[in-house]
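As C-alpha cells, the structure follows; a few thoughts come after it.
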Amino acid sequence: MGEVEKGSTSKTSSRQRRVGLLYDERMCKHSTPDGEHHPENPDRIRAIWSKLQANDIPSRCVLLDAKKAQDKHLLAVHTQRHVDLIKNISCNSRRNRVSAKLNSIYFNEGSSEAAYLAAGSVVEVAEKVAKGELDSAAAIVRPPGHHAELDEAMGFCLFNNVAIAASFLLDGSLELGIKKILIVDWDVHHGNGTQKMFWTDPRVLFFSVHRHEFGSFYPFSDDGCYTKVGEGVGAGYNINVPWENGRCGDADYFAVWDHVLIPVTKEFDPDIIIVSAGFDAAAGDPLGGCRVTPYGYSVMLGKLMDFSHGKVVLAFEGGYNLDSIANSFLACMEMLLERKHAARSLEAYPFESTWRVIQEVRKKLSAYWPVFVDELPTNLTNQKAPPPHLLVSSSDSEGEDGKPSNTISDNVEAALEEVVGPLSKLTVEDHSGGSASFTSWRPVLSRTDIWYATFGSNMWQPRFRCYIEGGQVEGMQKACTGSVDKNPSKGIMWKTFPHRLFFGHESTDTWGPGGVAFLLPESSSHEKAHMCLYRITLEQFNDVLLQENVSCHDMSSPVFDLTELNSAVNQGSVSLEVFKSGWYRNVVYMGKEQDLPILTMTCSLSDAEKFRCGEFPLRAPCKEYANTLVRGLVEGGQLSEEEAIAYIKQASSGEPL
Ligand code: X5A
Ligand code: ZN
C-alpha cells in the first residue's frame with residue numbers, strides 16, 4: 001500500500017515541502033499563424049503565471065528552467081516521422097497545408113520550439129521529483145499533449161508531454177527507481193494518445209475521467225469508453241470513466257475518486273503520479289461544460305498526495321477560461337505547498353448517471369482489481385427514480401416572465417448572499433476523509449424556497465395547484481399528477497412588474513387554436529404585468545418547469561439547480577439547454593421578495609426578438625384561455641372583471657411590440 005499513514009502527514013509537514021514550478025515565456029511562441037483567436041492561446045499560461053505571481057507562489061517554490069526534449073525521449077512514444085514533422089514544421093512553408101489535414105491543429109514559426117519545450121519541461125520536473133530532489137512539481141506548459149498519438153498531432157496537442165515523461169522515468173537510462181506510474185488525466189477530454197501509448201504496459205496505470213456522451217464529445221470515438229481496459233499484460237491498467245452528460249462537478253468527481261481511483265491507487269501503489277492536469281472541466285470553461293471548482297481540484301489533488309510518498313507531478317493540458325484555469329492552478333499549488341484546500345464552494349450532489357457509470361466501471365474492472373468485486377452499498381447508489389407521471393406531456397401552458405433590470409444591478413451581492421448563504425449549509429458530503437455518501441438533488445433543492453411568478457393561466461390558483469398537487473380543472477386536457485413534493489405553496493402574493501405581456505404561437509395542446517402568454521424579458525417602464533407569486537421550493541420549481549416545457553425528460557438530475565439559480569441572479573436570466581424547444585425555457589430573475597429570489601419563465605431571448613420583429617406573429621388567446629386569465633386576476637382580487645378583460649384585450653391587441 002502506498003498510502004501514507006495517518007500521522008506521517010504531520011511529520012512531513014514539519015519541514016517545508018520542496019515544490020518545483022516551471023514556466024517559460026518561450027512556450028507562448030506557439031500561436032495561430034494569422035493571429036486569429038483560438039481557445040488554445042498563449043494567454044492561457046500567462047494568466048496562470050500572473051495569478052501565481054500575484055499570490056506569491058513562485059517565491060515559495062523551486063523554480064525550474066524549461067528544457068527542450070531530446071529526440072530519443074520523444075521517439076519512445078512517437079514515430080520518427082512525427083518527431084521530424086514537428087521538429088521541422090516551423091521552417092516548413094507549407095505548414096498551413098499540413099495543419100489543414102490534421103484534426104484541430106495549427107502551426108506557426110514558434111510551434112516547434114514550444115512543443116520541444118513543453119515535452120522537455122514535463123520530463124525535467126518529473127525527473128526531479130522521481131529523484132527526490134523535489135517532493136512534487138508543476139509544469140505550466142503548452143501546447144498540451146494528451147491527444148497526441150504515436151504518429152499524429154491532434155486536439156491542440158503536438159507531442160504527448162506526459163507520455164514522454166512517463167516513458168522517460170521507466171526506460172530512460174538513469175536508474176530512478178520508478179517501476180510503476182499512475183497517470184491521472186482529469187482534463188475534460190479523453191486522453192486518447194496517452195491511453196494508446198501504454199495500452200499493453202502494466203507499469204503505467206492510465207486513468208482518465210472525461211465527458212464522453214457515448215462518443216459524441218471530442219475526440220469523438222469509443223476509445224474513451226469504460227470497456228477499454230488495456231490488452232495483454234496491460235489488461236486492467238487502463239481505466240476510463242466516461243461521463244454521460246456535461247455539467248459534472250465536484251460531487252461527481254469526488255464520487256469517482258472515492259469509489260474508483262483511490263481504491264485502485266491503493267492496490268497499484270504507484271512510485272510516482274503524473275497528472276494530465278487540464279482545467280477544462282472547471283466551471284466556466286467554454287469547451288468543457290462541466291463545473292469543477294478550485295476547491296474540487298484541490299481535494300482531488302490532495303487525495304492523490306496520500307500515495308507515492310507525495311510524489312506528484314502536474315502537467316498542464318487543456319483549460320480555456322483564463323480565470324478558471326488560473327484559480328484552479330493556484331488552488332493546486334496551495335495544495336502541493338501546504339496541503340491546504342481552496343475555499344470550500346457550494347456543495348452539490350452527484351448525478352444519478354455518475355453512480356451508474358461508477359458501477360459500470362467497477363464491474364468491468366473487477367476482473368482485474370479485487371477491490372471492485374464488492375458492489376457499492378445500495379444506500380449509496382439506489383436513488384429512487386422519479387415517478388413516471390413526470391413524463392407528462394405538455395408544451396401548452398402559459399407562463400410567466402419578466403426581469404426588471406433595475407432590481408438586478410441593485411443589489412446582486414446581497415441577493416447572492418441570501419441565495420448562497422443557506423446553500424452553503426447544504427453539506428452533502430465530507431471530503432476531508434471518509435467516503436462519499438449519496439444524496440439526491442431533491443432533498444438539497446427542497447431546502448431553498450423561491451417565488452414562482454406567474455402571468456398566464458397559472459395565475460388562477462386552482463390551476464396552478466394542479467401542477468403541485470395533481471388533478472385536473474376545466475381547460476386542462478389531461479390530469480396532472482403533480483410535483484413529487486405535493487406540499488402547497490407556502491405563500492401567495494400579487495405584484496406588478498414593468499414588463500410587456502403578449503400572446504404568441506398558433507395553438508396549444510391544452511387550449512387549441514390561439515396564442516399563449518409570454519412576457520418580454522426586458523423591462524419597460526410604461527408596461528405593467530400582473531403576476532401571481534407562489535412561494536415554492538426549488539425542487540417543486542423543477543417539476544413545474546418540466547411540466548411547462550417538455551414531453552419527456554427523466555428528471556434524474558434537476559433542470560434548474562443552485563448553479564442555475566446563481567446564474568439567473570447574476571445575469572438576469574438563464575436559458576435551459578435541456579429544453580431544446582420548450583416555450584418557457586428561459587428562467588428570468590425578477591428581483592427579491594422577503595429575501596427570496598423571484599423567478600418566472602418565458603420564451604427565449606431569440607424568440608422574444610422574433611416576436612418583436614414580426615418574424616413570429618402575435619396571436620390573441622382563445623376565449624377559454626383568456627377567461628382563465630381573467631378569472632385568475634378577478635379571483636385573486638387584483639382587478640375587476642372589466643379591468644381584467646381590458647388588460648387581457650390590450651395584451652392581445654397585437655399592436656407591434
Ligand atoms: C487538450 C485539449 C481539446 C481539443 C478540442 C478540439 N484539447 N475541438 O483540451
Ligand atoms: Zn481538454
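Every chain in the C-alpha cells takes a letter, A first, then B, and so on in the order presented; its residues are numbered from 1, and the ligands are numbered from 1 following the presented order.
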
Next on the checklist: Please identify all protein, DNA and RNA residues within 10 Å of ligand 1, counting only C-alpha atoms and all ligand atoms, and report them as a PyMOL selection string.
Outcome noted: chain A and resi 39-40+103-105+142-148+154-158+187-191+217-220+276-281+287-288+316-320

Next on the checklist: Using DSSP assignments from the backbone, pull out every residue in stretch 134-291 of chain A that falls under alpha helix (DSSP H) and give it to me as a PyMOL selection string.
Outcome noted: chain A and resi 161-171+192-197+250-256+262-268

Item to check | Residue with smallest distance to ligand 2 - pool A:Glu152, A:Asp258, A:Asp185, A:Glu375, counting only C-alpha atoms and all ligand atoms | outcome: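 Result for the nearest residue to ligand 2: A:Asp185.
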
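Using only C-alpha atoms, the protein and nucleic acid residues lying no more than 9 Å from A:Val256, apart from those fewer than 2 places from it along its own chain, are A:Val209, A:Val241, A:Ala251, A:Asp252, A:Tyr253, A:Phe254, A:Asp258, A:His259, A:Val260, A:Leu261, A:Ile262, A:Thr354, A:Trp355, A:Ile358.
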
Item to check | Shell of 12 Å around stretch 606-614 of chain A, only C-alpha atoms, local chain residues under 4 positions omitted, as JSON, numbers by chain | outcome: {"A": [401, 402, 500, 501, 502, 503, 504, 505, 515, 517, 518, 519, 520, 521, 522, 575, 581, 582, 583, 584, 585, 586, 602, 618, 619, 654, 655, 656, 657]}

Can I get the selection written as a CSV table (one decimal), in the first residue's frame, with C-alpha atoms?
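Heads up, here's the output in result-v2.csv:
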```csv
chain,number,residue,atom,x,y,z
A,401,ASP,CA,-41.6,36.0,-17.0
A,402,GLY,CA,-40.0,39.3,-16.8
A,500,ARG,CA,-45.0,43.6,-21.5
A,501,LEU,CA,-47.4,40.7,-21.7
A,502,PHE,CA,-48.2,39.4,-25.1
A,503,PHE,CA,-49.6,36.3,-26.8
A,504,GLY,CA,-47.9,34.3,-29.5
A,505,HIS,CA,-47.9,31.0,-31.4
A,515,GLY,CA,-51.8,32.3,-28.7
A,517,ALA,CA,-48.9,34.2,-22.9
A,518,PHE,CA,-45.3,35.4,-22.7
A,519,LEU,CA,-43.6,38.3,-21.1
A,520,LEU,CA,-40.9,40.3,-22.9
A,521,PRO,CA,-37.8,39.7,-20.9
A,522,GLU,CA,-36.7,43.4,-21.0
A,575,SER,CA,-31.8,29.7,-20.9
A,581,SER,CA,-37.7,23.6,-27.9
A,582,GLY,CA,-39.6,24.4,-24.7
A,583,TRP,CA,-41.7,27.5,-25.0
A,584,TYR,CA,-40.8,28.6,-21.4
A,585,ARG,CA,-37.2,27.6,-21.3
A,586,ASN,CA,-36.0,31.0,-20.3
A,602,THR,CA,-40.8,32.9,-20.6
A,618,LEU,CA,-48.6,37.6,-32.3
A,619,ARG,CA,-51.8,35.7,-31.8
A,654,GLY,CA,-51.3,42.6,-31.5
A,655,GLU,CA,-50.0,46.2,-31.6
A,656,PRO,CA,-46.5,46.0,-32.8
A,657,LEU,CA,-44.1,45.3,-29.9
```

Item to check | Members of stretch 235-304 of chain A assigned strand (DSSP E or B) by DSSP, as a PyMOL selection string | outcome: chain A and resi 238-243+249+272-277+282+291-292

Checklist entry - Could you work out how far atom CA of A:Ala255 lies from atom CA of A:Pro202, giving the answer in Å with one decimal? => result 25.2 Å

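Between atom CA of A:Thr454 and atom CA of A:Ser557 lies a distance of 24.2 Å.
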
Next on the checklist: Between atom CA of A:Thr194 and atom CA of A:Pro242, what is the distance in Å, rounded to a tenth?
Outcome noted: 15.8 Å

Item to check | For ligand 2, the nearest of the candidates A:Ile45, A:Ala529, A:Leu304, A:Cys290, counting only C-alpha atoms and all ligand atoms | outcome: A:Cys290
